[in-house]
Amino acid sequence: MSNMHSTPLDIRQLEAFAAVMSAGSVTGAARLLGRSQPAVTRLIQDLEADLGYALLHRSGPRITPTSRGLLFHAEVERHLASLAHIRERAEAIALDEPMTITVAATPSLAAGILPQALAAVAANLIPRHLHIQALAAENVVQAVLARSADVGISSLPLEHPGLEIHWIAEAPCVVAIGASDPLAARDVVRLTDVADRRIITLANPYRLRHRVNEALDRAGVSPDRIIDVNASLTALSLVRSGLGVAIVEPATVRGIPLDGIAMRAIDQTIPFLFGAISAAALPLTPTVAALIDTTRAEALAMSGCRIIDSNGSEALADTVYGSPEISEGAPR
């Protein structure tokens with residue numbers, strides 16, 4: 001029977017287990033930690049004894065995690081990261097400096113607007129320690145809800161009563177084609193022009209992909225060659241290698257322009273929706289508040305981007321699932 005309820009877990013044991021998972025072996029973990037191999041082995045054995053179950057399968061020198069070990073590792077990573085953040089925040093308090101923050105963003109937004117937005121934040125608001133996590137949109141939401149991230153920049157849709165949505169932006173998707181492609185001579189590319197090409201697009205059917213599919217359907221285009229990817233940068237790299245044309249959101253394009261690729265407008269409107277979120281009812285630090293403002297400004301710097309006025313989750317749902325109202329004079 002486990003003694004875990006009566007015996008506090010030793011931080012050294014958790015660090016040893018995390019190191020073994022990272023290095024893939026006790027020998028590698030010992031090198032990472034600057035300890036002897038027997039010492040690391042003993043720490044893992046003591047941790048398993050405290051927990052009451054095995055964390056690792058041992059077969060000679062080979063070590064693999066058990067199913068429980070994999071689940072426990074996710075908790076250990078979060079715990080160790082939290083301890084590191086507590087140390088950093090304690091140091092910031094002692095020095096009267098801005099508090100460390102964690103920003104969670106989808107890969108396209110982490111690359112496309114976050115660097116410029118951070119550069120626009122006043123230098124005296126940038127903390128000594130700043131953490132940026134590039135995550136899937138669903139994981140951005142979970143990080144913000146769990147308060148392991150102070151602010152999130154994510155594609156939509158996302159709805160949760162525990163979220164505060166600070167702004168919602170809409171920008172038109174673009175088509176990426178090889179710079180030497182004859183279509184690069186056009187300012188606007190029709191989807192019918194790429195009907196016989198291999199189409200490269202994002203895989204998640206619940207986000208941008210379904211809008212791409214709707215646009216292809218409207219144009220009467222049924223591509224028989226498709227490459228699904230989970231990141232726009234991958235799509236752009238595939239285009240540069242001559243593997244097809246890509247329909248992508250505009251953020252990555254702006255943040256990481258690639259030689260050999262031409263970006264062109266599409267004759268069908270394919271909206272990319274994204275926004276800034278934080279945990280509801282959680283006071284914003286000056287740094288987070290400034291970053292929310294600068295990411296909004298960077299979003300507006302994208303060609304054709306507009307901010308959609310919103311009023312909580314109802315407006316968000318209307319924007320994502322229905323036909324958003326366009327303010328008088330707003331660009332269409």
# chains A, B, ... in the order shown; residues from 1 in each chain; ligands from 1
$ residues_around --residues "segment 110-120 of chain A" --least-positions-apart "5" --cutoff "6 Å" --atoms "only C-alpha atoms" --output "tab-separated table (two decimals) with all heavy atoms, in the first residue's frame"
chain	number	residue	atom	x	y	z
A	105	ALA	N	0.90	30.56	-26.89
A	105	ALA	CA	0.38	30.99	-28.19
A	105	ALA	C	0.46	29.84	-29.17
A	105	ALA	O	1.32	28.96	-29.06
A	105	ALA	CB	1.19	32.18	-28.72
A	251	ALA	N	-0.49	35.14	-40.49
A	251	ALA	CA	0.42	35.53	-39.41
A	251	ALA	C	1.83	35.00	-39.62
A	251	ALA	O	2.80	35.75	-39.50
A	251	ALA	CB	-0.13	35.04	-38.07
A	252	THR	N	1.96	33.72	-39.92
A	252	THR	CA	3.28	33.14	-40.13
A	252	THR	C	3.99	33.82	-41.29
A	252	THR	O	5.19	34.08	-41.25
A	252	THR	CB	3.18	31.63	-40.40
A	252	THR	OG1	2.50	31.00	-39.30
A	252	THR	CG2	4.55	31.00	-40.55
A	254	ARG	N	3.75	36.84	-42.29
A	254	ARG	CA	4.28	38.15	-41.90
A	254	ARG	C	5.49	38.01	-40.99
A	254	ARG	O	6.46	38.76	-41.10
A	254	ARG	CB	3.19	38.95	-41.19
A	254	ARG	CG	3.64	40.33	-40.73
A	254	ARG	CD	2.48	41.16	-40.24
A	254	ARG	NE	2.96	42.46	-39.79
A	254	ARG	CZ	3.35	42.72	-38.55
A	254	ARG	NH1	3.29	41.78	-37.63
A	254	ARG	NH2	3.77	43.93	-38.21
A	255	GLY	N	5.44	37.05	-40.10
A	255	GLY	CA	6.52	36.91	-39.13
A	255	GLY	C	7.77	36.25	-39.67
A	255	GLY	O	8.88	36.58	-39.25
A	294	THR	N	-0.23	45.43	-27.35
A	294	THR	CA	0.71	45.41	-28.47
A	294	THR	C	0.41	44.26	-29.43
A	294	THR	O	0.63	44.40	-30.64
A	294	THR	CB	2.17	45.31	-27.98
A	294	THR	OG1	2.35	44.15	-27.17
A	294	THR	CG2	2.56	46.56	-27.20
A	295	THR	N	-0.10	43.13	-28.93
A	295	THR	CA	-0.48	42.06	-29.86
A	295	THR	C	-1.67	42.49	-30.71
A	295	THR	O	-1.76	42.14	-31.89
A	295	THR	CB	-0.81	40.75	-29.12
A	295	THR	OG1	-1.76	41.00	-28.07
A	295	THR	CG2	0.42	40.10	-28.54
A	298	GLU	N	-0.21	44.68	-33.40
A	298	GLU	CA	0.50	43.87	-34.40
A	298	GLU	C	-0.47	43.10	-35.28
A	298	GLU	O	-0.22	42.90	-36.47
A	298	GLU	CB	1.48	42.92	-33.72
A	298	GLU	CG	2.70	43.58	-33.14
A	298	GLU	CD	3.51	44.33	-34.18
A	298	GLU	OE1	3.63	43.82	-35.32
A	298	GLU	OE2	4.01	45.42	-33.87
$ select_by_dssp --residues "segment 107-294 of chain A" --states "strand (DSSP E or B)" --output "PyMOL selection string"
chain A and resi 130-134+151-155+163-172+174-178+188-189+199-202+226-229+245-248+261-266+271-279
$ closest_residue --among "A:Met263, A:Ala143, A:Leu216, A:Ala235" --to "Ser180 of chain A" --atoms "only C-alpha atoms"
A:Met263
$ closest_atom_pairs --of "segment 183-219 of chain A" --to "segment 123-142 of chain A" --cutoff "12 Å" --atoms "only C-alpha atoms" --output "JSON lines"
{"residue": "A:Ala203", "atom": "CA", "partner": "A:Ala136", "partner_atom": "CA", "distance": 11.9}
{"residue": "A:Asn204", "atom": "CA", "partner": "A:Ala136", "partner_atom": "CA", "distance": 9.9}
{"residue": "A:Tyr206", "atom": "CA", "partner": "A:Ala137", "partner_atom": "CA", "distance": 10.7}
{"residue": "A:Arg207", "atom": "CA", "partner": "A:Ala137", "partner_atom": "CA", "distance": 9.2}
{"residue": "A:Leu208", "atom": "CA", "partner": "A:Ala137", "partner_atom": "CA", "distance": 11.3}
$ residues_around --residues "Arg211 of chain A" --least-positions-apart "6" --cutoff "12 Å" --atoms "only C-alpha atoms" --output "CSV table (one decimal) with N, CA, C and O atoms, in the first residue's frame"
chain,number,residue,atom,x,y,z
A,156,LEU,N,-9.2,30.9,-33.2
A,156,LEU,CA,-10.5,30.6,-32.7
A,156,LEU,C,-11.1,29.4,-33.6
A,156,LEU,O,-10.6,29.2,-34.6
A,157,PRO,N,-12.2,28.8,-33.1
A,157,PRO,CA,-13.0,29.1,-32.0
A,157,PRO,C,-12.5,28.6,-30.7
A,157,PRO,O,-11.8,27.7,-30.6
A,172,PRO,N,-7.7,37.8,-43.6
A,172,PRO,CA,-7.9,36.9,-44.7
A,172,PRO,C,-6.7,35.9,-44.9
A,172,PRO,O,-5.6,36.4,-44.9
A,173,CYS,N,-7.0,34.7,-45.2
A,173,CYS,CA,-6.0,33.7,-45.5
A,173,CYS,C,-5.4,34.1,-46.9
A,173,CYS,O,-6.0,34.8,-47.7
A,201,THR,N,-2.5,22.3,-46.7
A,201,THR,CA,-3.3,23.1,-45.7
A,201,THR,C,-3.3,22.5,-44.4
A,201,THR,O,-2.7,21.4,-44.2
A,202,LEU,N,-3.8,23.2,-43.4
A,202,LEU,CA,-3.8,22.7,-42.0
A,202,LEU,C,-4.8,21.6,-41.8
A,202,LEU,O,-5.8,21.5,-42.4
A,203,ALA,N,-4.4,20.8,-40.8
A,203,ALA,CA,-5.2,19.5,-40.6
A,203,ALA,C,-6.4,19.6,-39.7
A,203,ALA,O,-7.3,18.9,-39.9
A,204,ASN,N,-6.3,20.5,-38.7
A,204,ASN,CA,-7.4,20.5,-37.7
A,204,ASN,C,-8.8,20.8,-38.3
A,204,ASN,O,-9.0,22.0,-38.7
A,205,PRO,N,-9.7,19.9,-38.3
A,205,PRO,CA,-11.0,20.1,-39.0
A,205,PRO,C,-11.9,21.1,-38.2
A,205,PRO,O,-12.9,21.5,-38.8
A,217,ASP,N,-15.3,24.3,-51.7
A,217,ASP,CA,-16.6,23.8,-52.1
A,217,ASP,C,-17.3,24.9,-52.9
A,217,ASP,O,-18.0,24.7,-54.0
A,218,ARG,N,-17.3,26.2,-52.4
A,218,ARG,CA,-17.9,27.3,-53.1
A,218,ARG,C,-17.4,27.5,-54.5
A,218,ARG,O,-18.1,27.8,-55.4
A,247,ILE,N,-2.7,27.0,-48.7
A,247,ILE,CA,-3.6,28.0,-48.2
A,247,ILE,C,-3.4,28.1,-46.7
A,247,ILE,O,-3.6,27.1,-46.0
A,248,VAL,N,-2.9,29.3,-46.3
A,248,VAL,CA,-2.5,29.4,-44.9
A,248,VAL,C,-3.0,30.7,-44.3
A,248,VAL,O,-3.4,31.6,-45.0
A,249,GLU,N,-2.9,30.8,-43.0
A,249,GLU,CA,-3.2,32.0,-42.3
A,249,GLU,C,-2.1,33.0,-42.6
A,249,GLU,O,-1.0,32.6,-42.9
A,268,GLN,N,-11.6,33.9,-52.9
A,268,GLN,CA,-12.6,33.6,-51.9
A,268,GLN,C,-12.1,34.0,-50.5
A,268,GLN,O,-11.0,33.9,-50.2
A,269,THR,N,-13.1,34.6,-49.8
A,269,THR,CA,-12.7,35.0,-48.4
A,269,THR,C,-12.7,33.8,-47.5
A,269,THR,O,-13.6,33.1,-47.3
A,270,ILE,N,-11.5,33.6,-46.9
A,270,ILE,CA,-11.3,32.5,-45.9
A,270,ILE,C,-10.8,33.2,-44.6
A,270,ILE,O,-9.6,33.5,-44.5
A,271,PRO,N,-11.6,33.5,-43.7
A,271,PRO,CA,-11.2,34.3,-42.5
A,271,PRO,C,-10.4,33.4,-41.5
A,271,PRO,O,-10.8,32.3,-41.2
A,272,PHE,N,-9.3,34.0,-41.1
A,272,PHE,CA,-8.6,33.5,-39.9
A,272,PHE,C,-8.9,34.3,-38.7
A,272,PHE,O,-8.7,35.5,-38.7
A,273,LEU,N,-9.4,33.7,-37.7
A,273,LEU,CA,-9.9,34.3,-36.5
A,273,LEU,C,-9.0,34.0,-35.3
A,273,LEU,O,-8.6,32.8,-35.1
A,320,VAL,N,-17.6,33.4,-34.8
A,320,VAL,CA,-17.0,32.1,-35.3
A,320,VAL,C,-18.0,31.3,-36.0
A,320,VAL,O,-17.7,30.7,-37.0
A,321,TYR,N,-19.2,31.2,-35.5
A,321,TYR,CA,-20.2,30.2,-36.1
A,321,TYR,C,-21.2,30.9,-37.0
A,321,TYR,O,-21.9,30.2,-37.7
$ closest_residue --among "A:Leu14, A:Glu214, A:Pro257, A:Val103" --to "Thr287 of chain A" --atoms "only C-alpha atoms"
A:Val103
$ decode --residues "segment 182-196 of chain A" --atoms "all heavy atoms" --output "PDB file, in the first residue's frame"
ATOM      1  N   PRO A 182       3.927  30.521 -62.561  1.00  0.00           N
ATOM      2  CA  PRO A 182       3.225  31.535 -63.373  1.00  0.00           C
ATOM      3  C   PRO A 182       2.140  32.281 -62.610  1.00  0.00           C
ATOM      4  O   PRO A 182       1.862  33.449 -62.908  1.00  0.00           O
ATOM      5  CB  PRO A 182       2.638  30.709 -64.526  1.00  0.00           C
ATOM      6  CG  PRO A 182       3.529  29.513 -64.627  1.00  0.00           C
ATOM      7  CD  PRO A 182       3.969  29.214 -63.236  1.00  0.00           C
ATOM      8  N   LEU A 183       1.540  31.630 -61.619  1.00  0.00           N
ATOM      9  CA  LEU A 183       0.491  32.293 -60.839  1.00  0.00           C
ATOM     10  C   LEU A 183       1.039  33.447 -59.997  1.00  0.00           C
ATOM     11  O   LEU A 183       0.282  34.318 -59.565  1.00  0.00           O
ATOM     12  CB  LEU A 183      -0.206  31.286 -59.916  1.00  0.00           C
ATOM     13  CG  LEU A 183      -1.054  30.206 -60.594  1.00  0.00           C
ATOM     14  CD1 LEU A 183      -1.621  29.249 -59.553  1.00  0.00           C
ATOM     15  CD2 LEU A 183      -2.184  30.845 -61.400  1.00  0.00           C
ATOM     16  N   ALA A 184       2.356  33.458 -59.769  1.00  0.00           N
ATOM     17  CA  ALA A 184       2.955  34.528 -58.968  1.00  0.00           C
ATOM     18  C   ALA A 184       2.840  35.880 -59.658  1.00  0.00           C
ATOM     19  O   ALA A 184       2.972  36.923 -59.008  1.00  0.00           O
ATOM     20  CB  ALA A 184       4.419  34.208 -58.678  1.00  0.00           C
ATOM     21  N   ALA A 185       2.565  35.880 -60.957  1.00  0.00           N
ATOM     22  CA  ALA A 185       2.415  37.148 -61.688  1.00  0.00           C
ATOM     23  C   ALA A 185       1.073  37.804 -61.411  1.00  0.00           C
ATOM     24  O   ALA A 185       0.856  38.960 -61.788  1.00  0.00           O
ATOM     25  CB  ALA A 185       2.574  36.903 -63.188  1.00  0.00           C
ATOM     26  N   ARG A 186       0.165  37.101 -60.763  1.00  0.00           N
ATOM     27  CA  ARG A 186      -1.162  37.640 -60.484  1.00  0.00           C
ATOM     28  C   ARG A 186      -1.225  38.241 -59.088  1.00  0.00           C
ATOM     29  O   ARG A 186      -0.578  37.765 -58.157  1.00  0.00           O
ATOM     30  CB  ARG A 186      -2.221  36.540 -60.608  1.00  0.00           C
ATOM     31  CG  ARG A 186      -2.209  35.851 -61.969  1.00  0.00           C
ATOM     32  CD  ARG A 186      -3.318  34.832 -62.048  1.00  0.00           C
ATOM     33  NE  ARG A 186      -3.278  34.113 -63.319  1.00  0.00           N
ATOM     34  CZ  ARG A 186      -4.154  33.180 -63.671  1.00  0.00           C
ATOM     35  NH1 ARG A 186      -5.140  32.852 -62.848  1.00  0.00           N
ATOM     36  NH2 ARG A 186      -4.045  32.570 -64.838  1.00  0.00           N
ATOM     37  N   ASP A 187      -2.030  39.274 -58.941  1.00  0.00           N
ATOM     38  CA  ASP A 187      -2.249  39.857 -57.615  1.00  0.00           C
ATOM     39  C   ASP A 187      -3.231  39.025 -56.803  1.00  0.00           C
ATOM     40  O   ASP A 187      -3.130  38.958 -55.580  1.00  0.00           O
ATOM     41  CB  ASP A 187      -2.776  41.297 -57.741  1.00  0.00           C
ATOM     42  CG  ASP A 187      -1.734  42.240 -58.316  1.00  0.00           C
ATOM     43  OD1 ASP A 187      -0.536  41.998 -58.101  1.00  0.00           O
ATOM     44  OD2 ASP A 187      -2.122  43.213 -58.996  1.00  0.00           O
ATOM     45  N   VAL A 188      -4.205  38.446 -57.487  1.00  0.00           N
ATOM     46  CA  VAL A 188      -5.221  37.622 -56.838  1.00  0.00           C
ATOM     47  C   VAL A 188      -5.267  36.273 -57.556  1.00  0.00           C
ATOM     48  O   VAL A 188      -5.356  36.216 -58.789  1.00  0.00           O
ATOM     49  CB  VAL A 188      -6.617  38.285 -56.894  1.00  0.00           C
ATOM     50  CG1 VAL A 188      -7.665  37.381 -56.260  1.00  0.00           C
ATOM     51  CG2 VAL A 188      -6.584  39.643 -56.185  1.00  0.00           C
ATOM     52  N   VAL A 189      -5.206  35.214 -56.782  1.00  0.00           N
ATOM     53  CA  VAL A 189      -5.257  33.864 -57.342  1.00  0.00           C
ATOM     54  C   VAL A 189      -6.644  33.281 -57.090  1.00  0.00           C
ATOM     55  O   VAL A 189      -7.155  33.315 -55.968  1.00  0.00           O
ATOM     56  CB  VAL A 189      -4.177  32.961 -56.700  1.00  0.00           C
ATOM     57  CG1 VAL A 189      -4.357  31.504 -57.136  1.00  0.00           C
ATOM     58  CG2 VAL A 189      -2.792  33.464 -57.067  1.00  0.00           C
ATOM     59  N   ARG A 190      -7.252  32.773 -58.155  1.00  0.00           N
ATOM     60  CA  ARG A 190      -8.547  32.110 -58.014  1.00  0.00           C
ATOM     61  C   ARG A 190      -8.329  30.671 -57.565  1.00  0.00           C
ATOM     62  O   ARG A 190      -7.385  30.013 -58.015  1.00  0.00           O
ATOM     63  CB  ARG A 190      -9.307  32.137 -59.340  1.00  0.00           C
ATOM     64  CG  ARG A 190      -9.650  33.543 -59.832  1.00  0.00           C
ATOM     65  CD  ARG A 190     -10.235  33.513 -61.223  1.00  0.00           C
ATOM     66  NE  ARG A 190      -9.269  32.935 -62.186  1.00  0.00           N
ATOM     67  CZ  ARG A 190      -9.498  32.853 -63.480  1.00  0.00           C
ATOM     68  NH1 ARG A 190     -10.648  33.273 -63.993  1.00  0.00           N
ATOM     69  NH2 ARG A 190      -8.581  32.324 -64.286  1.00  0.00           N
ATOM     70  N   LEU A 191      -9.215  30.195 -56.710  1.00  0.00           N
ATOM     71  CA  LEU A 191      -9.081  28.809 -56.270  1.00  0.00           C
ATOM     72  C   LEU A 191      -9.209  27.844 -57.446  1.00  0.00           C
ATOM     73  O   LEU A 191      -8.608  26.768 -57.435  1.00  0.00           O
ATOM     74  CB  LEU A 191     -10.121  28.496 -55.190  1.00  0.00           C
ATOM     75  CG  LEU A 191      -9.871  29.128 -53.816  1.00  0.00           C
ATOM     76  CD1 LEU A 191     -10.943  28.705 -52.827  1.00  0.00           C
ATOM     77  CD2 LEU A 191      -8.479  28.761 -53.280  1.00  0.00           C
ATOM     78  N   THR A 192      -9.989  28.226 -58.446  1.00  0.00           N
ATOM     79  CA  THR A 192     -10.106  27.366 -59.625  1.00  0.00           C
ATOM     80  C   THR A 192      -8.764  27.245 -60.362  1.00  0.00           C
ATOM     81  O   THR A 192      -8.540  26.266 -61.079  1.00  0.00           O
ATOM     82  CB  THR A 192     -11.182  27.897 -60.592  1.00  0.00           C
ATOM     83  OG1 THR A 192     -10.915  29.282 -60.872  1.00  0.00           O
ATOM     84  CG2 THR A 192     -12.563  27.762 -59.982  1.00  0.00           C
ATOM     85  N   ASP A 193      -7.863  28.238 -60.158  1.00  0.00           N
ATOM     86  CA  ASP A 193      -6.552  28.182 -60.804  1.00  0.00           C
ATOM     87  C   ASP A 193      -5.668  27.092 -60.208  1.00  0.00           C
ATOM     88  O   ASP A 193      -4.679  26.681 -60.831  1.00  0.00           O
ATOM     89  CB  ASP A 193      -5.829  29.524 -60.674  1.00  0.00           C
ATOM     90  CG  ASP A 193      -6.520  30.640 -61.462  1.00  0.00           C
ATOM     91  OD1 ASP A 193      -7.173  30.324 -62.472  1.00  0.00           O
ATOM     92  OD2 ASP A 193      -6.405  31.805 -61.053  1.00  0.00           O
ATOM     93  N   VAL A 194      -5.984  26.666 -58.998  1.00  0.00           N
ATOM     94  CA  VAL A 194      -5.141  25.654 -58.342  1.00  0.00           C
ATOM     95  C   VAL A 194      -5.870  24.321 -58.214  1.00  0.00           C
ATOM     96  O   VAL A 194      -5.453  23.454 -57.448  1.00  0.00           O
ATOM     97  CB  VAL A 194      -4.671  26.143 -56.947  1.00  0.00           C
ATOM     98  CG1 VAL A 194      -3.836  27.407 -57.078  1.00  0.00           C
ATOM     99  CG2 VAL A 194      -5.849  26.387 -56.010  1.00  0.00           C
ATOM    100  N   ALA A 195      -6.955  24.172 -58.980  1.00  0.00           N
ATOM    101  CA  ALA A 195      -7.770  22.962 -58.874  1.00  0.00           C
ATOM    102  C   ALA A 195      -6.979  21.695 -59.175  1.00  0.00           C
ATOM    103  O   ALA A 195      -7.250  20.629 -58.597  1.00  0.00           O
ATOM    104  CB  ALA A 195      -8.984  23.056 -59.797  1.00  0.00           C
ATOM    105  N   ASP A 196      -6.006  21.797 -60.091  1.00  0.00           N
ATOM    106  CA  ASP A 196      -5.250  20.610 -60.466  1.00  0.00           C
ATOM    107  C   ASP A 196      -3.912  20.513 -59.735  1.00  0.00           C
ATOM    108  O   ASP A 196      -3.076  19.676 -60.065  1.00  0.00           O
ATOM    109  CB  ASP A 196      -5.000  20.595 -61.980  1.00  0.00           C
ATOM    110  CG  ASP A 196      -4.208  21.811 -62.451  1.00  0.00           C
ATOM    111  OD1 ASP A 196      -4.090  22.777 -61.657  1.00  0.00           O
ATOM    112  OD2 ASP A 196      -3.730  21.786 -63.590  1.00  0.00           O
TER     113      ASP A 196
END
